[in-house]
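**Student:** Here it is, the structure in full.
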Amino acid sequence: MASQSLEVKKLVYLYLLHYAEKRPNEALLSINCFQKDLGDPNPLVRAWALRTMAGIRLHVIAPLVLVAMGKCARDPSVYVRKCAAVLFQKYMICA
């Protein structure tokens with residue numbers, strides 16, 4: 001997760017989304033990295049981090065996801081704000 005390569009980050013995010021339900025401990029350990037990536041200068045990384053956090057369906061992290069969505073809703077990047085709005089809508093429907 002600490003890789004600077006965007007391709008590697010994206011692959012790790014996809015892996016975590018796919019295996020989060022089967023390996024919840026690893027998913028929980030990755031939350032800190034997602035929170036750090038929400039402050040990344042690259043808007044793509046911020047949006048990927050938010051999407052991945054919202055895609056991990058563990059009740060333990062639901063409050064953290066909502067805080068992250070609120071933070072990203074005030075992001076200077078239009079792309080990140082759009083992702084936050086779409087994910088908020090999907091998250092509230094599924095909750």
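Following the order of the structure tokens, first chain is A, next is B, and so on, with residues numbered from 1 inside each chain and ligands from 1 in the order they appear.
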Show which residues sit within 9 Å of range 53-70 of chain A, as a ChimeraX atom specification. Count only C-alpha atoms, and ignore same-chain residues fewer than 2 positions away.
**Tutor:** /A:16-18,20-21,24,27-28,31,34-35,38,48-51,72-74,81,83-85,87-88,91
**Student:** Could you go through range 51-89 of chain A and tell me which residues DSSP, when run on the backbone, assigns to alpha helix (DSSP H), listing them as an MDAnalysis selection string?
**Tutor:** chainID A and resid 51:55 62:73 78:89
**Student:** For the residues in the current selection, export N, CA and C atoms as a short mmCIF file (atom, residue, chain, number, x, y, z; two decimals), in the first residue's frame.
**Tutor:**
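Heads up, here's the output in result-v2.cif:
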data_model
loop_
_atom_site.label_atom_id
_atom_site.label_comp_id
_atom_site.auth_asym_id
_atom_site.auth_seq_id
_atom_site.Cartn_x
_atom_site.Cartn_y
_atom_site.Cartn_z
N ARG A 51 -13.21 5.11 -2.69
CA ARG A 51 -14.00 4.03 -3.30
C ARG A 51 -13.70 2.68 -2.66
N THR A 52 -12.45 2.45 -2.37
CA THR A 52 -12.07 1.17 -1.77
C THR A 52 -12.60 1.07 -0.35
N MET A 53 -12.47 2.14 0.42
CA MET A 53 -13.00 2.12 1.79
C MET A 53 -14.50 1.88 1.79
N ALA A 54 -15.21 2.54 0.89
CA ALA A 54 -16.66 2.38 0.82
C ALA A 54 -17.05 0.99 0.32
N GLY A 55 -16.19 0.36 -0.45
CA GLY A 55 -16.49 -0.96 -0.98
C GLY A 55 -16.24 -2.08 0.00
N ALA A 62 -17.74 1.41 9.08
CA ALA A 62 -18.78 2.29 8.55
C ALA A 62 -18.65 3.74 9.04
N PRO A 63 -18.40 3.99 10.33
CA PRO A 63 -18.24 5.39 10.77
C PRO A 63 -17.03 6.07 10.11
N LEU A 64 -15.96 5.32 9.91
CA LEU A 64 -14.77 5.89 9.26
C LEU A 64 -15.06 6.23 7.80
N VAL A 65 -15.85 5.40 7.15
CA VAL A 65 -16.21 5.66 5.75
C VAL A 65 -17.05 6.92 5.64
N LEU A 66 -17.98 7.10 6.56
CA LEU A 66 -18.82 8.30 6.52
C LEU A 66 -18.00 9.57 6.76
N VAL A 67 -17.03 9.49 7.67
CA VAL A 67 -16.15 10.64 7.91
C VAL A 67 -15.32 10.93 6.66
N ALA A 68 -14.82 9.88 6.03
CA ALA A 68 -14.02 10.05 4.81
C ALA A 68 -14.86 10.65 3.68
N MET A 69 -16.11 10.23 3.58
CA MET A 69 -16.99 10.79 2.55
C MET A 69 -17.23 12.28 2.79
N GLY A 70 -17.41 12.65 4.04
CA GLY A 70 -17.60 14.06 4.37
C GLY A 70 -16.37 14.88 4.03
N LYS A 71 -15.20 14.33 4.32
CA LYS A 71 -13.95 15.02 4.00
C LYS A 71 -13.79 15.18 2.49
N CYS A 72 -14.10 14.12 1.76
CA CYS A 72 -13.94 14.16 0.30
C CYS A 72 -15.03 15.02 -0.37
N ALA A 73 -16.15 15.19 0.29
CA ALA A 73 -17.20 16.05 -0.26
C ALA A 73 -16.75 17.52 -0.28
N VAL A 78 -12.91 18.34 -8.31
CA VAL A 78 -14.28 18.01 -8.71
C VAL A 78 -14.47 16.50 -8.79
N TYR A 79 -13.45 15.79 -9.28
CA TYR A 79 -13.53 14.34 -9.43
C TYR A 79 -13.72 13.66 -8.08
N VAL A 80 -12.99 14.09 -7.08
CA VAL A 80 -13.09 13.49 -5.75
C VAL A 80 -14.46 13.81 -5.14
N ARG A 81 -14.93 15.03 -5.31
CA ARG A 81 -16.25 15.39 -4.79
C ARG A 81 -17.34 14.56 -5.46
N LYS A 82 -17.22 14.35 -6.76
CA LYS A 82 -18.19 13.54 -7.49
C LYS A 82 -18.20 12.10 -6.97
N CYS A 83 -17.01 11.54 -6.77
CA CYS A 83 -16.92 10.18 -6.22
C CYS A 83 -17.57 10.10 -4.84
N ALA A 84 -17.33 11.12 -4.02
CA ALA A 84 -17.91 11.14 -2.68
C ALA A 84 -19.44 11.19 -2.75
N ALA A 85 -19.97 11.99 -3.66
CA ALA A 85 -21.43 12.12 -3.78
C ALA A 85 -22.06 10.81 -4.26
N VAL A 86 -21.45 10.20 -5.26
CA VAL A 86 -21.99 8.94 -5.79
C VAL A 86 -21.90 7.84 -4.75
N LEU A 87 -20.77 7.76 -4.06
CA LEU A 87 -20.60 6.73 -3.05
C LEU A 87 -21.52 6.95 -1.86
N PHE A 88 -21.74 8.20 -1.49
CA PHE A 88 -22.65 8.49 -0.39
C PHE A 88 -24.05 8.00 -0.72
N GLN A 89 -24.49 8.24 -1.94
CA GLN A 89 -25.80 7.80 -2.36
C GLN A 89 -25.89 6.26 -2.33
#
**Student:** Would you work out the distance separating CA of Leu44 in chain A from CA of Lys22 in chain A, expressed in Å to one decimal?
**Tutor:**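 These atoms are spaced 26.7 Å apart.
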**Student:** Could you tell me how far CA of Pro76 in chain A lies from CA of Pro43 in chain A, in Å and to one decimal?
**Tutor:**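 A separation of 9.0 Å between them.
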**Student:** What separation in Å, quoted to one decimal, exists between CA of Tyr15 in chain A and CA of Val45 in chain A?
**Tutor:**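 We find that CA of Tyr15 in chain A and CA of Val45 in chain A lie 15.5 Å from each other.
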**Student:** With distances taken over only C-alpha atoms, which of A:Ala47, A:Leu11, A:Tyr19, A:Cys33 is nearest to Asp75 in chain A?
**Tutor:**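 The answer is A:Ala47, which sits nearest to Asp75 in chain A.
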